[in-house]
Every structure is written in structure tokens, then in C-alpha cells.
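S.K.: I'm passing along structure28.tsv; it holds TSV, C-alpha atoms and all ligand atoms.
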chain	number	residue	atom	x	y	z
N	255	ALA	CA	-16.65	38.50	8.70
N	256	ALA	CA	-14.05	35.80	9.06
N	257	SER	CA	-15.54	32.37	9.60
N	258	PRO	CA	-14.82	30.89	13.03
N	259	SER	CA	-11.58	28.97	12.61
N	260	LYS	CA	-10.64	25.61	14.03
N	261	SER	CA	-8.72	25.69	17.25
N	262	TYR	CA	-6.50	23.04	18.85
N	263	ASN	CA	-4.99	22.64	22.31
N	264	ILE	CA	-1.45	21.34	22.34
N	265	THR	CA	0.35	20.23	25.49
N	266	LEU	CA	4.07	20.96	25.43
N	267	LEU	CA	6.39	18.93	27.64
N	268	PRO	CA	9.88	20.42	27.23
N	269	GLY	CA	11.43	18.07	29.81
N	270	ASP	CA	15.18	17.97	30.42
N	271	GLY	CA	18.53	18.59	28.76
N	272	ILE	CA	18.09	19.87	25.23
N	273	GLY	CA	14.31	19.34	25.50
N	274	PRO	CA	13.41	22.99	26.27
N	275	GLU	CA	15.67	24.26	23.45
N	276	VAL	CA	14.17	22.07	20.74
N	277	ILE	CA	10.58	22.51	21.96
N	278	SER	CA	10.78	26.28	21.86
N	279	VAL	CA	11.87	26.14	18.22
N	280	ALA	CA	9.14	23.64	17.26
N	281	LYS	CA	6.50	25.72	19.03
N	282	ASN	CA	7.32	28.69	16.80
N	283	ALA	CA	6.98	26.53	13.70
N	284	LEU	CA	3.57	25.22	14.81
N	285	GLN	CA	2.38	28.75	15.49
N	286	LEU	CA	3.52	29.96	12.09
N	287	VAL	CA	2.00	27.17	9.97
N	288	ALA	CA	-1.25	27.45	11.94
N	289	SER	CA	-1.55	31.12	11.09
N	290	ILE	CA	-0.83	30.40	7.43
N	291	GLU	CA	-3.33	27.54	7.21
N	292	GLY	CA	-5.96	29.48	9.15
N	293	PHE	CA	-6.36	27.52	12.37
N	294	GLU	CA	-5.49	28.37	15.95
N	295	VAL	CA	-3.24	26.60	18.41
N	296	ALA	CA	-3.24	27.16	22.16
N	297	PHE	CA	-0.23	25.80	24.02
N	298	GLU	CA	-0.10	24.53	27.58
N	299	GLU	CA	3.44	24.00	28.83
N	300	MET	CA	3.75	21.46	31.67
N	301	PRO	CA	6.58	19.98	33.78
N	302	MET	CA	7.69	16.42	33.11
N	303	GLY	CA	10.68	14.16	33.78
N	304	GLY	CA	13.63	15.37	35.84
N	305	ALA	CA	12.33	18.93	35.76
N	306	ALA	CA	9.10	17.75	37.40
N	307	LEU	CA	11.01	15.62	39.94
N	308	ASP	CA	12.99	18.66	41.02
N	309	ALA	CA	9.92	20.90	41.13
N	310	VAL	CA	7.27	18.66	42.69
N	311	GLY	CA	8.90	15.31	43.47
N	312	VAL	CA	7.30	13.07	40.82
N	313	PRO	CA	8.28	12.52	37.17
N	314	LEU	CA	4.69	12.83	35.86
N	315	PRO	CA	2.54	15.20	37.96
N	316	ALA	CA	-1.21	14.56	37.77
N	317	GLU	CA	-1.79	18.03	36.24
N	318	THR	CA	0.64	17.18	33.45
N	319	LEU	CA	-1.11	13.92	32.61
N	320	ASN	CA	-4.50	15.64	32.78
N	321	SER	CA	-3.34	18.36	30.43
N	322	ALA	CA	-2.09	15.75	27.93
N	323	LYS	CA	-5.39	13.84	28.16
N	324	ARG	CA	-7.49	16.99	27.67
N	325	SER	CA	-5.47	18.35	24.77
N	326	ASP	CA	-5.66	17.42	21.10
N	327	ALA	CA	-2.02	16.29	21.01
N	328	THR	CA	1.16	16.38	23.08
N	329	LEU	CA	4.65	17.33	21.94
N	330	LEU	CA	7.48	16.11	24.18
N	331	GLY	CA	11.12	17.25	24.06
N	332	ALA	CA	13.27	14.77	25.94
N	333	ILE	CA	13.65	13.59	29.50
N	334	GLY	CA	16.38	12.27	31.79
N	335	GLY	CA	19.97	13.08	32.59
N	336	TYR	CA	22.94	12.00	34.74
N	337	LYS	CA	21.50	13.83	37.71
N	338	TRP	CA	18.63	11.36	38.18
N	339	ASP	CA	20.29	8.19	36.85
N	340	LYS	CA	20.80	6.75	40.36
N	341	ASN	CA	17.24	7.48	41.53
N	342	GLU	CA	14.95	4.64	42.55
N	343	LYS	CA	12.75	3.34	39.77
N	344	HIS	CA	9.61	5.27	40.72
N	345	LEU	CA	11.65	8.46	40.93
N	346	LYS	CA	13.30	8.15	37.52
N	347	PRO	CA	12.37	10.56	34.73
N	348	GLU	CA	11.93	7.59	32.35
N	349	THR	CA	9.21	6.15	34.61
N	350	GLY	CA	7.21	9.31	33.94
N	351	LEU	CA	7.35	8.59	30.23
N	352	LEU	CA	6.01	5.05	30.72
N	353	GLN	CA	3.21	6.47	32.89
N	354	LEU	CA	2.38	9.04	30.23
N	355	ARG	CA	2.15	6.40	27.47
N	356	GLU	CA	0.00	4.24	29.72
N	357	GLY	CA	-2.19	7.18	30.73
N	358	LEU	CA	-2.80	8.15	27.10
N	359	GLN	CA	-3.27	4.49	26.08
N	360	VAL	CA	-1.04	4.86	23.07
N	361	PHE	CA	-0.40	1.39	21.67
N	362	ALA	CA	1.05	2.27	18.26
N	363	ASN	CA	4.52	3.71	17.85
N	364	LEU	CA	5.30	5.20	14.45
N	365	ARG	CA	8.93	5.75	13.53
N	366	PRO	CA	9.86	6.96	10.08
N	367	ALA	CA	13.36	6.39	8.71
N	368	THR	CA	13.97	8.73	5.82
N	369	VAL	CA	17.28	9.26	4.12
N	370	LEU	CA	17.17	12.87	2.96
N	371	PRO	CA	19.10	13.52	-0.25
N	372	GLN	CA	21.06	16.25	1.59
N	373	LEU	CA	22.20	13.80	4.27
N	374	VAL	CA	22.89	10.60	2.33
N	375	ASP	CA	26.49	10.65	3.53
N	376	ALA	CA	25.38	10.27	7.17
N	377	SER	CA	23.94	6.83	6.40
N	378	THR	CA	25.75	3.74	7.63
N	379	LEU	CA	24.93	2.11	4.29
N	380	LYS	CA	26.48	2.60	0.87
N	381	LYS	CA	25.15	5.59	-1.04
N	382	GLU	CA	23.41	3.49	-3.73
N	383	VAL	CA	21.58	1.51	-1.03
N	384	ALA	CA	20.70	4.47	1.21
N	385	GLU	CA	19.57	6.92	-1.43
N	386	GLY	CA	15.81	7.41	-1.50
N	387	VAL	CA	14.96	5.34	1.58
N	388	ASP	CA	11.64	6.50	3.02
N	389	LEU	CA	9.99	3.98	5.31
N	390	MET	CA	7.85	3.89	8.44
N	391	VAL	CA	7.94	1.29	11.20
N	392	VAL	CA	4.63	0.87	13.05
N	393	ARG	CA	5.43	-0.94	16.30
N	394	GLU	CA	2.86	-2.38	18.72
N	395	LEU	CA	3.78	-0.78	22.04
N	396	THR	CA	1.66	-2.14	24.89
N	397	GLY	CA	1.44	-5.92	24.36
N	398	GLY	CA	3.55	-8.92	23.50
N	399	ILE	CA	6.44	-10.45	25.39
N	400	TYR	CA	7.35	-7.27	27.29
N	401	PHE	CA	4.04	-7.45	29.16
N	402	GLY	CA	2.83	-11.07	28.74
N	403	LYS	CA	2.16	-13.34	31.72
N	404	PRO	CA	3.30	-15.69	33.12
N	405	ARG	CA	6.78	-14.27	33.53
N	406	GLY	CA	9.42	-14.58	36.18
N	407	PHE	CA	12.18	-16.74	37.60
N	408	SER	CA	11.86	-20.30	38.80
N	409	THR	CA	13.66	-23.63	38.94
N	410	ASN	CA	13.27	-26.49	36.53
N	411	GLU	CA	13.09	-30.24	37.28
N	412	ASN	CA	16.89	-30.43	37.33
N	413	GLY	CA	17.17	-27.69	39.89
N	414	GLN	CA	18.46	-25.25	37.26
N	415	GLU	CA	17.46	-21.62	37.55
N	416	ILE	CA	15.15	-20.53	34.73
N	417	GLY	CA	13.82	-17.20	33.53
N	418	PHE	CA	10.67	-17.13	31.41
N	419	ASN	CA	8.45	-14.72	29.48
N	420	THR	CA	5.31	-15.11	27.41
N	421	GLU	CA	4.54	-13.71	23.99
N	422	VAL	CA	0.80	-13.15	24.04
N	423	TYR	CA	-1.50	-11.15	21.76
N	424	ALA	CA	-5.28	-10.98	21.88
N	425	ALA	CA	-7.15	-10.60	18.60
N	426	TYR	CA	-8.32	-7.05	19.44
N	427	GLU	CA	-4.74	-5.91	20.10
N	428	ILE	CA	-3.66	-7.09	16.66
N	429	ASP	CA	-6.74	-5.68	14.98
N	430	ARG	CA	-6.24	-2.16	16.38
N	431	ILE	CA	-2.53	-1.90	15.57
N	432	ALA	CA	-3.16	-3.31	12.09
N	433	ARG	CA	-5.84	-0.68	11.44
N	434	ILE	CA	-3.44	2.12	12.34
N	435	ALA	CA	-0.83	0.54	10.08
N	436	PHE	CA	-3.22	0.23	7.11
N	437	GLU	CA	-4.29	3.85	7.60
N	438	THR	CA	-0.67	4.97	7.85
N	439	ALA	CA	0.21	3.11	4.64
N	440	ARG	CA	-2.76	4.78	2.98
N	441	LYS	CA	-1.36	8.24	3.88
N	442	ARG	CA	2.01	7.14	2.44
N	443	ARG	CA	2.68	5.06	-0.69
N	444	GLY	CA	0.03	2.41	-0.07
N	445	LYS	CA	2.34	-0.54	0.69
N	446	LEU	CA	2.21	-2.42	3.99
N	447	CYS	CA	4.59	-5.21	5.02
N	448	SER	CA	3.60	-7.17	8.12
N	449	VAL	CA	6.59	-8.68	9.91
N	450	ASP	CA	6.19	-11.76	12.10
N	451	LYS	CA	7.58	-15.22	12.88
N	452	ALA	CA	4.48	-17.16	11.84
N	453	ASN	CA	6.54	-20.24	10.91
N	454	VAL	CA	7.39	-20.77	14.60
N	455	LEU	CA	5.25	-18.72	17.01
N	456	GLU	CA	1.51	-19.15	17.64
N	457	ALA	CA	1.12	-15.46	18.58
N	458	SER	CA	2.56	-14.66	15.14
N	459	MET	CA	0.21	-17.12	13.41
N	460	LEU	CA	-2.75	-15.26	14.92
N	461	TRP	CA	-1.10	-11.94	13.99
N	462	ARG	CA	-0.83	-12.99	10.35
N	463	LYS	CA	-4.39	-14.33	10.24
N	464	ILE	CA	-5.89	-11.11	11.60
N	465	VAL	CA	-3.80	-8.75	9.49
N	466	THR	CA	-4.67	-10.79	6.38
N	467	ALA	CA	-8.39	-10.70	7.18
N	468	LEU	CA	-8.32	-6.90	7.50
N	469	ALA	CA	-6.80	-6.40	4.08
N	470	SER	CA	-10.21	-6.58	2.37
N	471	GLU	CA	-11.21	-3.38	4.21
N	472	TYR	CA	-8.21	-1.59	2.69
N	473	PRO	CA	-8.26	-2.61	-1.00
N	474	ASP	CA	-6.09	0.39	-1.88
N	475	VAL	CA	-3.24	-0.90	0.31
N	476	GLU	CA	-0.95	-3.64	-1.00
N	477	LEU	CA	-0.22	-6.08	1.84
N	478	SER	CA	2.76	-8.43	2.09
N	479	HIS	CA	4.23	-10.59	4.88
N	480	MET	CA	7.83	-11.21	5.88
N	481	TYR	CA	9.53	-13.24	8.60
N	482	VAL	CA	11.45	-11.05	11.03
N	483	ASP	CA	14.85	-12.64	10.36
N	484	ASN	CA	14.44	-11.93	6.66
N	485	ALA	CA	13.14	-8.41	7.38
N	486	ALA	CA	16.23	-7.61	9.47
N	487	MET	CA	18.37	-8.69	6.53
N	488	GLN	CA	16.31	-6.90	3.88
N	489	LEU	CA	16.45	-3.63	5.87
N	490	VAL	CA	20.19	-3.37	5.31
N	491	ARG	CA	20.28	-5.17	1.93
N	492	ASN	CA	17.57	-3.17	0.16
N	493	PRO	CA	15.62	-0.82	2.46
N	494	LYS	CA	14.00	0.97	-0.50
N	495	GLN	CA	11.62	-1.97	-0.97
N	496	PHE	CA	9.73	-0.91	2.20
N	497	ASP	CA	7.02	1.70	2.62
N	498	THR	CA	5.17	0.91	5.87
N	499	ILE	CA	6.17	-1.98	8.16
N	500	VAL	CA	3.88	-3.21	10.96
N	501	THR	CA	5.15	-5.53	13.66
N	502	ASN	CA	4.83	-6.56	17.29
N	503	ASN	CA	6.48	-4.96	20.30
N	504	ILE	CA	9.80	-6.81	20.50
N	505	PHE	CA	10.41	-7.13	16.74
N	506	GLY	CA	9.49	-3.44	16.37
N	507	ASP	CA	11.86	-2.43	19.14
N	508	ILE	CA	14.74	-4.04	17.27
N	509	LEU	CA	13.74	-3.18	13.70
N	510	SER	CA	13.02	0.49	14.43
N	511	ASP	CA	16.49	0.94	15.92
N	512	GLU	CA	17.99	-0.85	12.94
N	513	ALA	CA	16.03	1.38	10.57
N	514	SER	CA	17.13	4.55	12.37
N	515	MET	CA	20.78	3.64	11.84
N	516	ILE	CA	20.17	3.54	8.08
N	517	THR	CA	19.65	7.29	8.26
N	518	GLY	CA	22.60	7.73	10.63
N	519	SER	CA	21.39	11.03	12.06
N	520	ILE	CA	19.69	10.75	15.44
N	521	GLY	CA	19.01	14.51	15.53
N	522	MET	CA	16.70	14.19	12.50
N	523	LEU	CA	14.30	11.43	13.55
N	524	PRO	CA	10.76	12.03	14.81
N	525	SER	CA	8.19	9.63	16.25
N	526	ALA	CA	4.51	9.40	17.05
N	527	SER	CA	2.61	7.25	19.55
N	528	LEU	CA	-1.08	6.84	18.81
N	529	GLY	CA	-4.11	5.28	20.47
N	530	ALA	CA	-7.49	4.26	19.06
N	531	ALA	CA	-9.21	7.53	19.89
N	532	GLY	CA	-7.71	10.15	22.20
N	533	PRO	CA	-4.70	12.40	21.75
N	534	GLY	CA	-1.35	11.16	20.49
N	535	LEU	CA	2.14	11.75	21.83
N	536	PHE	CA	4.84	13.10	19.52
N	537	GLU	CA	8.56	13.25	20.30
N	538	PRO	CA	12.02	13.07	18.74
N	539	ILE	CA	13.65	9.64	19.16
N	540	HIS	CA	16.83	11.13	20.63
N	541	GLY	CA	17.38	11.55	24.36
N	542	SER	CA	18.08	14.63	26.43
N	543	ALA	CA	21.71	14.83	25.23
N	544	PRO	CA	23.06	16.24	28.52
N	545	ASP	CA	26.53	16.56	26.95
N	546	ILE	CA	25.36	19.46	24.77
N	547	ALA	CA	22.41	20.80	26.81
N	548	GLY	CA	22.19	24.54	27.35
N	549	GLN	CA	24.80	25.30	24.68
N	550	ASP	CA	22.49	26.03	21.76
N	551	LYS	CA	24.02	23.11	19.85
N	552	ALA	CA	21.06	20.73	19.58
N	553	ASN	CA	19.55	19.84	16.24
N	554	PRO	CA	15.89	20.91	16.47
N	555	LEU	CA	14.83	19.20	13.23
N	556	ALA	CA	13.76	15.88	14.84
N	557	THR	CA	11.38	17.85	17.04
N	558	MET	CA	10.18	20.00	14.13
N	559	LEU	CA	9.48	16.82	12.16
N	560	SER	CA	7.69	15.44	15.23
N	561	ALA	CA	5.56	18.58	15.17
N	562	ALA	CA	4.82	17.79	11.51
N	563	MET	CA	3.74	14.26	12.53
N	564	LEU	CA	1.56	15.85	15.21
N	565	LEU	CA	-0.16	17.93	12.55
N	566	LYS	CA	-0.57	14.99	10.15
N	567	TYR	CA	-1.41	12.05	12.42
N	568	GLY	CA	-2.64	13.93	15.49
N	569	LEU	CA	-4.75	16.75	14.06
N	570	GLY	CA	-5.30	15.72	10.44
N	571	GLU	CA	-3.76	19.02	9.27
N	572	GLU	CA	-1.75	17.48	6.43
N	573	LYS	CA	-1.05	20.70	4.54
N	574	ALA	CA	0.42	22.36	7.61
N	575	ALA	CA	2.54	19.24	8.18
N	576	GLN	CA	3.83	19.38	4.61
N	577	ARG	CA	4.79	23.03	5.10
N	578	ILE	CA	7.09	22.12	7.98
N	579	GLU	CA	8.58	19.14	6.13
N	580	ALA	CA	9.22	21.19	3.02
N	581	ALA	CA	10.77	24.00	5.08
N	582	VAL	CA	13.15	21.57	6.82
N	583	LEU	CA	14.34	20.35	3.42
N	584	ASP	CA	14.65	23.93	2.18
N	585	ALA	CA	16.80	25.00	5.14
N	586	LEU	CA	19.06	22.00	4.51
N	587	ASN	CA	19.16	22.85	0.79
N	588	ARG	CA	20.27	26.36	1.68
N	589	GLY	CA	23.24	24.75	3.44
N	590	PHE	CA	22.41	25.12	7.14
N	591	ARG	CA	23.61	22.33	9.45
N	592	THR	CA	23.80	21.82	13.19
N	593	GLY	CA	26.96	20.15	14.53
N	594	ASP	CA	25.59	16.59	14.49
N	595	ILE	CA	24.95	16.67	10.72
N	596	HIS	CA	27.62	19.16	9.68
N	597	SER	CA	30.13	18.44	6.92
N	598	ALA	CA	32.56	20.50	4.87
N	599	GLY	CA	31.04	23.18	2.67
N	600	HIS	CA	28.00	23.81	4.88
N	601	LYS	CA	27.05	26.56	7.30
N	602	LEU	CA	27.37	25.49	10.93
N	603	VAL	CA	24.54	26.93	13.03
N	604	GLY	CA	23.09	26.46	16.51
N	605	CYS	CA	19.65	25.29	17.56
N	606	LYS	CA	18.04	28.75	17.52
N	607	GLU	CA	19.47	29.78	14.18
N	608	MET	CA	18.48	26.49	12.56
N	609	GLY	CA	14.97	27.10	13.88
N	610	GLU	CA	14.93	30.62	12.46
N	611	GLU	CA	16.08	29.37	9.06
N	612	VAL	CA	13.23	26.84	8.97
N	613	LEU	CA	10.78	29.61	9.85
N	614	LYS	CA	12.16	31.73	6.99
N	615	SER	CA	11.65	28.78	4.66
N	616	ILE	CA	8.05	28.38	5.83
N	617	ASP	CA	7.47	32.09	5.22
N	618	SER	CA	9.08	32.13	1.79
N	619	LYS	CA	6.92	29.28	0.51
N	620	THR	CA	3.57	30.92	1.22
N	701	LIG	P1	18.25	8.02	25.98
N	701	LIG	O1	17.87	9.24	26.78
N	701	LIG	O2	17.18	7.60	25.03
N	701	LIG	O3	18.85	6.94	26.78
N	701	LIG	P2	20.91	8.41	25.14
N	701	LIG	O4	21.41	8.99	26.42
N	701	LIG	O5	21.29	7.04	24.76
N	701	LIG	O6	19.36	8.56	24.99
N	701	LIG	P3	20.95	10.80	23.57
N	701	LIG	O7	20.57	11.63	24.74
N	701	LIG	O8	20.00	10.73	22.44
N	701	LIG	O9	21.33	9.32	23.94
N	701	LIG	O10	22.36	11.27	23.03
N	701	LIG	C1	23.24	10.43	22.30
N	701	LIG	C2	24.27	11.28	21.58
N	701	LIG	O11	23.64	11.93	20.47
N	701	LIG	C3	24.86	12.38	22.44
N	701	LIG	O12	26.20	12.58	22.14
N	701	LIG	C4	24.04	13.59	22.07
N	701	LIG	O13	24.75	14.79	22.23
N	701	LIG	C5	23.70	13.34	20.60
N	701	LIG	N1	22.39	13.92	20.28
N	701	LIG	C6	21.19	13.45	20.64
N	701	LIG	N2	20.19	14.22	20.20
N	701	LIG	C7	20.79	15.24	19.53
N	701	LIG	C8	20.28	16.39	18.83
N	701	LIG	N3	18.99	16.68	18.74
N	701	LIG	N4	21.19	17.22	18.27
N	701	LIG	C9	22.50	16.98	18.34
N	701	LIG	N5	23.03	15.92	18.97
N	701	LIG	C10	22.19	15.05	19.57
N	702	MG	MG	20.26	9.10	28.09
Reformat the file's structure so that it appears as C-alpha cells.

M.R.:
Amino acid sequence: AASPSKSYNITLLPGDGIGPEVISVAKNALQLVASIEGFEVAFEEMPMGGAALDAVGVPLPAETLNSAKRSDATLLGAIGGYKWDKNEKHLKPETGLLQLREGLQVFANLRPATVLPQLVDASTLKKEVAEGVDLMVVRELTGGIYFGKPRGFSTNENGQEIGFNTEVYAAYEIDRIARIAFETARKRRGKLCSVDKANVLEASMLWRKIVTALASEYPDVELSHMYVDNAAMQLVRNPKQFDTIVTNNIFGDILSDEASMITGSIGMLPSASLGAAGPGLFEPIHGSAPDIAGQDKANPLATMLSAAMLLKYGLGEEKAAQRIEAAVLDALNRGFRTGDIHSAGHKLVGCKEMGEEVLKSIDSKT
């Protein structure tokens, strides 16, 4: 008799715009690699974002959040669109996303920037510089200056208006993000660069002290430190020097966008948001792309690669993750391109067909 196999619950949040198109393709890929690797996946599809606003009047219904909390991992498509742009803040699709991150207590945002050999020409950098780039930015997501108090507007002693914010990190917040970063580096090439401004900012001095102290627990990871101004420069000068980068909320916001432009293809980039325990949230970094929604033009590969991150960082199913990654490369090698990454000499396909080609690649490699 077959041994009882592992089984996972995955919450799917298709959302708005191209979200449903790319999620349906990624769902098929998850199903297929699960059957090959011998585990089961049960999907629960829930409303979120503008779709939820239209259906039930809130961007994150309680049942949706509960499903995400109960499940082993959540895969999100995209949310938002022109239709809801003028809504009040609490009725914006984007507010639902903030509530979801808060509800799941995900404080670590992982964003890889990989220049695939097939897409080197999409990079904003010169070919010699872009070739072979494969890095991961681990950004602290729930602390730092975006949340620190005191904050606000006031008046100074000269009667001038002032605005002020506070960069504040507690030791435990640094410790937990650093642990995720060390573990991420361990699953990659074993190099971690911590980015801070410890020559100027006290919050950064504490950051550096705590990250340095943790290094003895991860002797297999090579730790270095860099000031953020230098890191911003090095990212465009010689991005190949980086494996895993860990940094605070505001520096990570800026550096992860900078890193994504190195690859130049927004339709290819996945992300993961992780907490200490509990399920993670996985989503492509692109938005709902309302300009191409419903036309079968979206590139589903960012979402497929997000599904691979879900398998690797969310479920610990690394082999299944590698199957999806390898299949994405294989479909590109066989010449298939959606519009956003298309160039002369390649086969232009839509979202569905690209998905089918990746599935064929998964099948052919078993
Ligand atoms: P956000 O919702 O984060 O504010 P945005 O509105 O700034 O995002 P996107 O929705 O990501 O931006 O779209 C930016 C551009 O990139 C659009 O022209 C869109 O069509 C294109 N784009 C985004 N994602 C994809 C994709 N998966 N495939 C093809 N094109 C895409
Ligand atoms: Mg948008």
C-alpha cells in the first residue's frame, strides 16, 4: 500500500486585473509538481482586493484572512486597478494587502533579482555587468522609520513647520530578520551582506552589533557589512558580488527596487514575505496591470517563480521548487516569450500558452 503522503493547504488569492490569469497558470504548476514529488495540495480560493470590495464591501474579508492564517502558505496574484483608485483609504484594495501582511505577521520580505541568461538583453546594465547576477534582498518589513514613533508634524522654535519620523529597531526585531537572512543565505551560496548606516545612525549601530553576534550560530555563512550609500553604488557597478543582502525597511524598499531594475523584466520577478512561524505570503512584484488585463497577455512566470518560492521557503519542498524553476528556464530556452520579454527570433505567446509550455517542460524532465 502507498504510504500516507504529505498534504498541504494553499490559499489562493487571485485578486484583480491580471491576477486571476497568472494564478490559474501557477496553480496548475503546483498541482503537477506535487503529483510528481508525491505530496498533495488542496487549494482554497478566496476573494481579496478590488474583487472583494465589489463582492462584499471590504478589501480583506475576515474569511479570507482566516483561510490564509489556517493554510500552510498563501499565493497572491495582484490587487488594485483604476476603478478603486479614488476610494477612501479603508476602501482601497491596497489597504487589504497591508491588513493581510499584518494579520500574517510577516516581517521579512524576500526579493530575488536574477538575470537569466536568456533575458540578459532586458537588463538596464551592460551585458558584461548583468550576466550571471543572482541575488536576494531580504528586507525588514514591519519596523523602522515607516512605523517608528514619535512621528508627525509640528512647529519648531522659529515657528517653522516641521515634519518628523523616527528610525527605531528593538533588538528582537533585528534578531528575527537576521535569522531569516542567515537561513536564506544558507539555502543559496552562503554569503550574507548586511547593509546599514552604522557610521551615522544609532539604530544601524545596534543592527550591526546584533547581526555580527548571530554570525557564530551560522559558521557556514560568510558575513560582510556595507554602508547603504556604497551598496546602492555597488549594485549597479558590480551586482555579481552579492548573494544575499539583509537590510532594514527603508533601505530595503529602495535597494530592492534598484535590484529589480537590474533584471529589467517586471513580469519575471517573484517575492516572499515570511514570519517567524506561521504561513508565508508569496506574490509576484508586479501590479495588476489593468492595461493588459483579460487579454491573455500577462507574463505568468513571476507568479510561477513565486509558487517555486512558496514550495522552497513556505513548505520546505525544495525539489518541487527546483522543478518549476528548471521548467521556466526550459520554456525560455525553447524560445517562448510573452509580450513583455519578447524580442526578435522568439515565439510570442499569451499567458495560457506560456503556462502550458512550462507544464510541458515540467513533464519532460521527470
Ligand atoms: P502597482 O499595482 O504595484 O502600483 P503599477 O500600477 O505601478 O503597480 P503594474 O501593474 O505592475 O504597475 O504595471 C506596470 C506595467 O508593467 C504595465 O504596463 C503592465 O502592463 C506591465 N506589467 C506588469 N506586470 C506584467 C506581467 N506579469 N506581464 C506583462 N506585463 C506586465
Ligand atoms: Mg497599479

S.K.: Please find the residues contacting ligand MG 702 (chain N) at a distance of at most 8 Å between atoms, with only C-alpha atoms and all ligand atoms counted, and report them as a list in words.

M.R.: Gly334, Gly335, Tyr336, Gly541, Ser542, Ala543 and Pro544 of chain N

S.K.: Enumerate, as a PyMOL selection string, the protein, DNA and RNA residues whose atoms approach (12.1, 16.1, 30.4) to within 9 Å, taking into account all atoms listed in the file and the coordinate frame of the file.

M.R.: chain N and resi 267-274+301-306+313+330-335+347-348+351+542

S.K.: Can you write out as CSV which residues of chain N fall within 6 Å of ligand LIG 701 (chain N), alongside each residue's closest atom pair and its distance in Å to one decimal, counting all atoms listed in the file and ordering rows by chain and ascending residue number?

M.R.:
residue,atom,partner,partner_atom,distance
N:Ile520,CA,N:LIG701,N2,5.9
N:Gly521,CA,N:LIG701,N3,3.9
N:His540,CA,N:LIG701,O8,3.7
N:Gly541,CA,N:LIG701,O7,3.2
N:Ser542,CA,N:LIG701,O7,4.2
N:Ala543,CA,N:LIG701,O7,3.4
N:Asp545,CA,N:LIG701,O13,5.3
N:Ile546,CA,N:LIG701,O13,5.4
N:Ala552,CA,N:LIG701,N4,3.7
N:Asn553,CA,N:LIG701,N4,3.7
N:Pro554,CA,N:LIG701,N3,5.7
N:Asp594,CA,N:LIG701,C9,5.0

S.K.: Please indicate the distance in Å from atom CA of Ala561 of chain N to atom CA of Ala322 of chain N, rounded to one decimal place.

M.R.: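 Atom CA of Ala322 of chain N lies at a distance of 15.1 Å from atom CA of Ala561 of chain N.
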
S.K.: Pick the closest to Asp483 of chain N from N:Leu307, N:Val449, N:Ala457, N:Ile264: which is it, counting all atoms listed in the file?

M.R.: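 Comparing N:Leu307, N:Val449, N:Ala457, N:Ile264 against Asp483 of chain N, the winner is N:Val449.
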
S.K.: One number please: atom CA of Leu314 of chain N to atom CA of Thr349 of chain N, in Å, one decimal.

M.R.: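 That distance, rounded to one decimal, is 8.2 Å.
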
S.K.: Ala598 of chain N: which residues within 12 Å, counting only C-alpha atoms, same-chain residues fewer than 4 positions away excluded, as a list of chain:residue names?

M.R.: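 So, after excluding close chain neighbours, the residues are N:Asp375, N:Gly589, N:Phe590, N:Arg591, N:Gly593, N:Leu602.
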
S.K.: Rank N:Ser377, N:Thr498, N:Gln488, N:Ser289 by their smallest atom-to-atom distance to Ile434 of chain N, using all atoms listed in the file, and report the top residue only.

M.R.: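 Among the listed residues, the smallest separation from Ile434 of chain N belongs to N:Thr498.
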
S.K.: Gln372 of chain N: which residues within 9 Å, counting all atoms listed in the file, same-chain residues fewer than 5 positions away excluded, as number ranges by chain?

M.R.: N: 583, 586-587, 589

S.K.: Would you mind listing what lies within 8 Å of segment 391-394 of chain N as a PyMOL selection string, with only C-alpha atoms counted and same-chain residues fewer than 5 positions away left out?

M.R.: chain N and resi 361-367+431+435+498-503+505-507+509-510
